[in-house]
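With mmCIF, C-alpha atoms and all ligand atoms inside, this is target.cif:
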data_work
#
loop_
_atom_site.label_atom_id
_atom_site.label_comp_id
_atom_site.auth_asym_id
_atom_site.auth_seq_id
_atom_site.Cartn_x
_atom_site.Cartn_y
_atom_site.Cartn_z
CA MET P 9 2.13 17.50 -7.73
CA ARG P 10 1.39 13.99 -6.47
CA LYS P 11 4.03 12.03 -4.62
CA LYS P 12 5.46 9.05 -6.51
CA ILE P 13 5.73 6.08 -4.18
CA ILE P 14 7.13 2.58 -4.48
CA ALA P 15 6.27 0.42 -1.48
CA GLY P 16 7.53 -3.11 -0.95
CA ASN P 17 5.41 -5.68 0.85
CA TRP P 18 7.68 -8.38 2.20
CA LYS P 19 4.69 -10.26 3.66
CA MET P 20 5.86 -13.15 5.91
CA ASN P 21 9.25 -13.55 4.25
CA LYS P 22 12.86 -13.09 5.45
CA ASN P 23 14.11 -13.68 8.98
CA LEU P 24 15.62 -10.69 10.78
CA SER P 25 19.13 -11.25 9.50
CA GLU P 26 17.97 -11.79 5.89
CA GLY P 27 15.71 -8.74 6.10
CA THR P 28 18.57 -6.64 7.47
CA ASP P 29 20.79 -7.76 4.58
CA LEU P 30 18.11 -6.89 2.04
CA ALA P 31 17.51 -3.46 3.58
CA ASN P 32 21.27 -2.78 3.68
CA GLU P 33 21.65 -3.80 0.04
CA LEU P 34 18.82 -1.55 -0.96
CA SER P 35 20.19 1.32 1.08
CA GLU P 36 23.52 1.06 -0.76
CA ILE P 37 21.79 1.06 -4.16
CA LEU P 38 19.61 4.04 -3.23
CA THR P 39 22.59 5.96 -1.85
CA SER P 40 24.47 5.63 -5.12
CA SER P 41 21.53 6.71 -7.29
CA SER P 42 19.12 9.60 -7.14
CA THR P 43 15.36 9.40 -7.35
CA ASP P 44 12.39 11.57 -6.52
CA VAL P 45 10.37 8.48 -5.65
CA GLU P 46 9.45 7.87 -2.01
CA VAL P 47 10.48 4.32 -1.11
CA ILE P 48 8.67 2.41 1.64
CA LEU P 49 9.44 -1.07 2.96
CA GLY P 50 6.49 -3.01 4.40
CA VAL P 51 8.27 -5.43 6.71
CA PRO P 52 7.20 -7.92 9.42
CA PHE P 53 6.61 -6.42 12.90
CA THR P 54 9.77 -8.10 14.20
CA HIS P 55 11.88 -6.18 11.66
CA LEU P 56 10.42 -2.67 11.96
CA ASP P 57 12.83 -1.23 14.50
CA LYS P 58 15.96 -2.64 12.86
CA VAL P 59 15.03 -1.81 9.26
CA ALA P 60 13.89 1.71 10.22
CA SER P 61 17.34 2.38 11.70
CA ILE P 62 19.25 1.37 8.54
CA SER P 63 18.70 4.28 6.18
CA ASP P 64 16.90 7.53 5.59
CA LYS P 65 16.57 6.52 1.92
CA PHE P 66 13.38 4.63 2.73
CA SER P 67 10.55 4.70 5.25
CA VAL P 68 9.25 1.64 6.99
CA SER P 69 5.68 0.34 7.13
CA ALA P 70 3.92 -2.30 9.19
CA GLN P 71 1.64 -4.68 7.31
CA ASN P 72 -1.23 -4.56 9.80
CA CYS P 73 -2.12 -3.23 13.26
CA SER P 74 -4.56 -4.03 16.03
CA ALA P 75 -8.03 -2.50 15.95
CA GLN P 76 -7.66 -1.95 19.71
CA GLU P 77 -5.69 0.80 21.37
CA SER P 78 -4.05 -1.27 24.14
CA GLY P 79 -4.82 -3.88 26.78
CA ALA P 80 -5.58 -7.57 27.08
CA TYR P 81 -5.30 -8.55 23.42
CA THR P 82 -2.70 -11.31 23.42
CA GLY P 83 -0.58 -11.40 20.29
CA GLU P 84 -1.77 -8.05 18.94
CA ILE P 85 0.44 -5.08 18.00
CA SER P 86 -0.87 -1.57 18.58
CA THR P 87 -0.39 1.56 16.49
CA LYS P 88 1.55 3.20 19.35
CA MET P 89 3.94 0.23 19.43
CA ILE P 90 4.42 0.49 15.67
CA LEU P 91 5.07 4.23 15.90
CA SER P 92 7.66 3.66 18.64
CA THR P 93 9.78 1.55 16.24
CA GLY P 94 10.32 4.44 13.84
CA ALA P 95 7.77 3.17 11.30
CA LYS P 96 5.83 5.83 9.41
CA TYR P 97 3.17 3.79 7.61
CA VAL P 98 0.78 0.88 8.05
CA ILE P 99 -0.58 -1.20 5.16
CA LEU P 100 -4.28 -1.85 5.84
CA GLY P 101 -6.91 -3.95 4.09
CA HIS P 102 -4.55 -6.14 2.10
CA SER P 103 -6.56 -8.81 0.30
CA GLU P 104 -4.65 -11.56 2.13
CA ARG P 105 -5.87 -10.14 5.44
CA ARG P 106 -9.40 -9.74 4.09
CA ALA P 107 -9.36 -13.37 2.88
CA TYR P 108 -7.46 -15.20 5.64
CA HIS P 109 -8.36 -13.08 8.65
CA GLN P 110 -11.88 -12.06 7.62
CA GLU P 111 -11.05 -8.36 7.91
CA ASN P 112 -14.01 -6.31 6.80
CA ASN P 113 -14.49 -2.63 6.09
CA ALA P 114 -15.89 -2.00 9.59
CA ASP P 115 -12.72 -3.46 11.22
CA LEU P 116 -10.69 -1.31 8.88
CA VAL P 117 -12.44 1.90 9.99
CA LYS P 118 -11.12 1.31 13.52
CA LYS P 119 -7.61 0.58 12.28
CA VAL P 120 -7.54 3.56 9.93
CA ASP P 121 -8.69 5.87 12.74
CA LEU P 122 -6.10 4.58 15.20
CA CYS P 123 -3.28 4.93 12.68
CA LEU P 124 -4.18 8.48 11.77
CA SER P 125 -4.70 9.59 15.35
CA ASP P 126 -1.29 8.13 16.24
CA ASN P 127 0.43 9.87 13.31
CA LEU P 128 0.96 6.82 11.16
CA LYS P 129 0.14 7.15 7.49
CA VAL P 130 -2.07 4.52 5.89
CA ILE P 131 -1.58 2.55 2.69
CA TYR P 132 -5.14 1.39 2.12
CA CYS P 133 -5.55 -1.61 -0.19
CA CYS P 134 -8.61 -2.25 -2.30
CA GLY P 135 -9.33 -4.47 -5.27
CA GLU P 136 -11.76 -6.95 -6.74
CA LEU P 137 -11.76 -10.74 -7.08
CA LEU P 138 -11.65 -12.24 -10.57
CA SER P 139 -15.29 -13.34 -10.28
CA GLU P 140 -16.26 -9.75 -9.42
CA ARG P 141 -14.44 -8.41 -12.48
CA ASP P 142 -15.92 -11.13 -14.69
CA SER P 143 -19.42 -10.21 -13.55
CA GLY P 144 -18.75 -6.50 -14.15
CA ASN P 145 -18.92 -5.55 -10.46
CA HIS P 146 -15.32 -4.41 -10.03
CA PHE P 147 -16.04 -0.67 -9.87
CA GLU P 148 -18.82 -1.16 -7.34
CA ILE P 149 -16.67 -3.40 -5.11
CA VAL P 150 -13.73 -0.99 -5.06
CA LYS P 151 -16.08 1.93 -4.43
CA SER P 152 -17.64 0.22 -1.41
CA GLN P 153 -14.23 -0.76 0.01
CA ILE P 154 -13.16 2.88 -0.16
CA GLU P 155 -16.43 4.51 0.88
CA GLU P 156 -17.04 2.26 3.88
CA ALA P 157 -13.53 2.47 5.33
CA LEU P 158 -12.39 5.98 4.39
CA PHE P 159 -15.21 8.38 3.61
CA HIS P 160 -15.79 9.32 7.25
CA LEU P 161 -12.35 11.01 7.18
CA SER P 162 -11.73 14.74 6.78
CA ALA P 163 -9.83 16.11 3.78
CA GLU P 164 -6.81 16.68 6.03
CA GLN P 165 -6.89 13.03 7.14
CA ILE P 166 -7.18 11.81 3.55
CA SER P 167 -3.94 13.70 2.83
CA ARG P 168 -2.25 11.10 5.07
CA VAL P 169 -3.70 8.14 3.17
CA VAL P 170 -2.27 6.41 0.11
CA ILE P 171 -4.50 4.09 -1.95
CA ALA P 172 -3.17 0.82 -3.35
CA TYR P 173 -5.39 -0.67 -6.05
CA GLU P 174 -4.59 -4.37 -6.09
CA PRO P 175 -6.83 -6.59 -8.20
CA VAL P 176 -6.83 -9.84 -6.22
CA TRP P 177 -6.49 -11.92 -9.38
CA ALA P 178 -3.14 -10.23 -10.08
CA ILE P 179 -1.55 -10.65 -6.63
CA GLY P 180 1.21 -13.24 -6.63
CA THR P 181 -0.22 -14.89 -9.75
CA GLY P 182 2.17 -13.57 -12.38
CA VAL P 183 -0.88 -12.11 -14.18
CA THR P 184 -0.70 -8.32 -14.22
CA ALA P 185 -3.58 -6.00 -14.98
CA SER P 186 -2.97 -4.30 -18.30
CA SER P 187 -1.85 -0.70 -18.02
CA ALA P 188 -5.22 0.28 -19.53
CA GLN P 189 -7.10 -1.68 -16.83
CA ALA P 190 -4.97 -0.07 -14.11
CA GLN P 191 -5.46 3.43 -15.55
CA GLU P 192 -9.23 2.90 -15.88
CA MET P 193 -9.59 1.89 -12.23
CA HIS P 194 -7.20 4.54 -10.90
CA ALA P 195 -9.09 7.27 -12.77
CA TYR P 196 -12.34 5.87 -11.38
CA ILE P 197 -10.95 5.88 -7.82
CA ARG P 198 -9.83 9.48 -8.25
CA SER P 199 -13.30 10.37 -9.53
CA ILE P 200 -15.06 8.96 -6.47
CA PHE P 201 -12.77 11.05 -4.23
CA THR P 202 -13.65 14.08 -6.37
CA ASP P 203 -17.36 13.41 -5.88
CA LYS P 204 -16.89 13.26 -2.12
CA TYR P 205 -14.15 15.84 -1.44
CA GLY P 206 -13.97 18.15 -4.49
CA VAL P 207 -10.98 18.49 -6.81
CA ASP P 208 -8.02 19.30 -4.54
CA VAL P 209 -7.99 16.16 -2.37
CA PRO P 210 -7.87 13.61 -5.23
CA GLN P 211 -5.32 15.67 -7.15
CA ALA P 212 -2.92 15.22 -4.21
CA LEU P 213 -3.83 11.56 -3.57
CA SER P 214 -1.22 8.96 -4.55
CA ILE P 215 -2.82 5.84 -6.01
CA LEU P 216 -0.49 2.84 -6.32
CA TYR P 217 -0.95 -0.24 -8.47
CA GLY P 218 -0.21 -3.68 -7.00
CA GLY P 219 -0.29 -7.14 -8.54
CA SER P 220 2.64 -8.99 -10.13
CA CYS P 221 4.47 -5.77 -10.88
CA LYS P 222 8.04 -6.53 -11.92
CA PRO P 223 10.97 -4.85 -13.71
CA SER P 224 9.66 -6.00 -17.11
CA ASN P 225 6.20 -4.40 -16.78
CA ALA P 226 6.70 -1.55 -14.29
CA GLN P 227 7.54 1.17 -16.81
CA GLU P 228 4.44 0.53 -18.91
CA ILE P 229 2.14 0.55 -15.87
CA PHE P 230 3.75 3.66 -14.34
CA SER P 231 3.48 5.53 -17.64
CA LYS P 232 -0.26 5.96 -17.06
CA GLU P 233 -1.48 9.30 -15.85
CA ASP P 234 -3.31 8.16 -12.74
CA VAL P 235 -0.77 5.54 -11.62
CA ASP P 236 1.42 7.18 -8.98
CA GLY P 237 3.52 4.18 -8.05
CA GLY P 238 3.32 0.58 -6.96
CA LEU P 239 2.85 -1.78 -4.05
CA ILE P 240 5.26 -4.57 -4.81
CA GLY P 241 5.14 -8.06 -3.28
CA GLY P 242 7.41 -10.77 -4.70
CA ALA P 243 9.73 -8.43 -6.58
CA SER P 244 10.45 -6.41 -3.42
CA LEU P 245 12.33 -9.39 -1.96
CA ASN P 246 15.23 -8.85 -4.35
CA ALA P 247 17.13 -5.56 -4.08
CA ASN P 248 18.02 -5.43 -7.78
CA ASP P 249 14.49 -6.11 -8.99
CA PHE P 250 13.03 -3.66 -6.50
CA SER P 251 15.47 -0.90 -7.41
CA GLN P 252 14.77 -1.44 -11.11
CA ILE P 253 11.08 -0.93 -10.34
CA ILE P 254 11.92 2.27 -8.40
CA ASN P 255 13.90 3.48 -11.42
CA ALA P 256 11.08 2.62 -13.81
CA PHE P 257 9.51 6.06 -13.21
C1 LIG P 301 1.00 -7.58 -2.82
O1 LIG P 301 0.87 -8.58 -2.12
O2 LIG P 301 0.71 -6.48 -2.36
C2 LIG P 301 1.49 -7.75 -4.19
C3 LIG P 301 1.31 -6.78 -5.02
O3 LIG P 301 2.12 -8.94 -4.46
P1 LIG P 301 2.83 -9.35 -5.85
O4 LIG P 301 3.63 -8.17 -6.31
O5 LIG P 301 3.72 -10.51 -5.47
O6 LIG P 301 1.74 -9.73 -6.80
#

I'd like the structure from this file rewritten - as C-alpha cells, please.
Ligand code: PEP
Amino acid sequence: MRKKIIAGNWKMNKNLSEGTDLANELSEILTSSSTDVEVILGVPFTHLDKVASISDKFSVSAQNCSAQESGAYTGEISTKMILSTGAKYVILGHSERRAYHQENNADLVKKVDLCLSDNLKVIYCCGELLSERDSGNHFEIVKSQIEEALFHLSAEQISRVVIAYEPVWAIGTGVTASSAQAQEMHAYIRSIFTDKYGVDVPQALSILYGGSCKPSNAQEIFSKEDVDGGLIGGASLNANDFSQIINAF
C-alpha cells in the first residue's frame, strides 16, 4: 500500500519563534488525534534543527540544498548539513526555484543524487505552466521533468523519492486543478514510471498534489485513486487549516 503524505511548504515565511509556535501547535493537535498520514514540514534552513526536535508526529524537510558536496560555496547549505539537523527530506525542483533561481533538470540531477547518497529522501516537484497546459504540452513537460532528473536512478533509489505534481498556474493563485485534472496527471505520471521500472515501483510511489489545496477542496482532491497526498503552501502556515487537510483523508 502507498504511503499517504501531507507535506507543508512554509517557503520564506515565519521567523524562528513564529515557526516554533506553529510546530508546537501542530504537534499538540497531532498528539490528540490519530492519523495514518505521514506529516512533513518543509521549513526554512534556519528552523530545521529546532522544528525537528519538537515532535515525532512529523518529519522535517529542507526546501532546497546545494548541488555541491562541500567547500568554497558561500551561502550554500549541503545535504550533510541538512541531515545533521535531524531533517529527513529535501524538497527539490519547486517551480519557484525553477523560475527565480533558473534551476534546471541537470542541476536537479546533482541535488537528487547528493540527497539520496546522504540518506535524505526527496520530494521532487514537477508541473506545467498555464501556457504549456493551454497549448496541450502539459504531459510532455511533466514527463521531461521526471525523465531528465530521476530516470537515471535505480528502483531502490526511486523508493526514497516522493513526487509532487504542482501545476504552476495553481500555486499560490487560489485556482486549484480540478480533481479530474489532478487524477489524470497523477495516473499519467504513474504510467511513465511503469514504462521505465515495471509495475512494482510505481505502485509504491506516493504522488502528491500541490496548488491552492485548502480545507474546502482537500477531501475532493484526495478522493482520487492516484492522489496520495498533498504539498501544501499557504494553508500549511495555519495549524488548524493544515490539520484539517491532514484529516481530509
Ligand atoms: C507550493 O508552493 O508548493 C504550494 C502548493 O503552494 P500553495 O498551496 O500556496 O498553492

Go ahead and fit an axis-aligned box to every listed atom of ligand LIG 301 (chain P) plus 3 Å each side, and pass me the centre and edge lengths in Å, one decimal, as lines of an AutoDock Vina configuration file.
center_x = 2.2
center_y = -8.5
center_z = -4.5
size_x = 9.0
size_y = 10.0
size_z = 10.7

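Counting from CA of Asn32 (chain P), the distance to CA of Val169 (chain P) is 27.3 Å.
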
Could you list, with a cut-off of 6 Å and counting only C-alpha atoms and all ligand atoms, the residues of chain P near ligand LIG 301 (chain P), each shown with its nearest atom pair and the distance in Å rounded to one decimal, rows sorted by chain and ascending number, as a tab-separated table?
residue	atom	partner	partner_atom	distance
P:Asn17	CA	P:LIG301	O2	5.7
P:Ala178	CA	P:LIG301	O6	5.9
P:Ile179	CA	P:LIG301	O6	3.4
P:Gly180	CA	P:LIG301	O6	3.6
P:Gly218	CA	P:LIG301	C3	4.0
P:Gly219	CA	P:LIG301	O6	3.7
P:Ser220	CA	P:LIG301	O6	3.5
P:Cys221	CA	P:LIG301	O4	5.2
P:Leu239	CA	P:LIG301	C3	5.3
P:Ile240	CA	P:LIG301	O4	4.2
P:Gly241	CA	P:LIG301	O3	3.4
P:Gly242	CA	P:LIG301	O5	3.8

So that I can see what lies close to Leu161 (chain P), please list as a ChimeraX atom specification the residues with an atom at most 10 Å from it, counting only C-alpha atoms and leaving out residues fewer than 6 positions away in the same chain. /P:117,120-121,124,155,167,169

Extract, using only C-alpha atoms, all DNA, RNA and protein residues at most 8 Å from Arg198 (chain P), discarding same-chain residues fewer than 5 positions from it, and format them as an MDAnalysis selection string. chainID P and resid 210:211 213

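In this structure, CA of Thr93 (chain P) sits 7.3 Å away from CA of Ala60 (chain P).
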
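For Ile13 (chain P), the set of protein, DNA and RNA residues having any atom at most 9 Å away, when counting all atoms listed in the file and skipping those fewer than 6 positions along the same chain, is P:Asp44, P:Val45, P:Glu46, P:Val47, P:Ile48, P:Ser214, P:Ile215, P:Leu216, P:Asp236, P:Gly237, P:Gly238, P:Leu239, P:Ile254.
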
Selected residue, from P:Cys134, P:Cys123, P:Ala75, P:Val235, that lies nearest to Leu91 (chain P) when counting only C-alpha atoms: P:Cys123

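Distance annotation: of P:Arg105, P:Lys129, P:Lys118, P:His194, the residue with the minimal separation from Val68 (chain P) is P:Lys129; atom set is all atoms listed in the file.
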
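All residues of protein, DNA or RNA that reach within 8 Å of region 23-31 of chain P, judged by all atoms listed in the file and not counting those fewer than 3 positions away in the chain, are P:Leu34, P:Ser35, P:Thr54, P:His55, P:Lys58, P:Val59, P:Ile62, P:Leu245, P:Asn246, P:Ala247.
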
One decimal, in Å: what's the spacing between CA of Glu84 (chain P) and CA of Val170 (chain P)? 23.7 Å

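Residue nearest Gly182 (chain P) within the list P:Thr39, P:Ser74, P:Ser224, P:Asn248: P:Ser224 [criterion: smallest interatomic distance, only C-alpha atoms].
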
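With distances restricted to all atoms listed in the file, P:Gly16 is the closest residue to Ile131 (chain P) from P:Thr181, P:His146, P:Lys204, P:Gly16.
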
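The residue that comes closest to Glu36 (chain P), out of P:Lys65, P:Val51, P:Gly144, P:Leu56 and on the basis of all atoms listed in the file, is P:Lys65.
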
Test item: residues at most 7 Å from Ala157 (chain P), all atoms listed in the file, excluding those fewer than 2 positions along its chain, as a ChimeraX atom specification: /P:113-114,116-117,153-155,159

Same residues, C-alpha atoms, output as a PDB file, in the coordinates of the input:
ATOM      1  CA  ASN P 113     -14.490  -2.630   6.090  1.00  0.00           C
ATOM      2  CA  ALA P 114     -15.890  -2.000   9.590  1.00  0.00           C
ATOM      3  CA  LEU P 116     -10.690  -1.310   8.880  1.00  0.00           C
ATOM      4  CA  VAL P 117     -12.440   1.900   9.990  1.00  0.00           C
ATOM      5  CA  GLN P 153     -14.230  -0.760   0.010  1.00  0.00           C
ATOM      6  CA  ILE P 154     -13.160   2.880  -0.160  1.00  0.00           C
ATOM      7  CA  GLU P 155     -16.430   4.510   0.880  1.00  0.00           C
ATOM      8  CA  PHE P 159     -15.210   8.380   3.610  1.00  0.00           C
TER       9      PHE P 159
END

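Counting all atoms listed in the file, the residue from P:Gln76, P:Gln165, P:Ser152, P:Ser199 that sits nearest to Asp115 (chain P) is P:Gln76.
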
Spatial sel., origin (-12.1, -7.4, -10.8), limit 9 Å, all atoms listed in the file, listed as a ChimeraX atom specification: /P:135-147,149-150,175-177
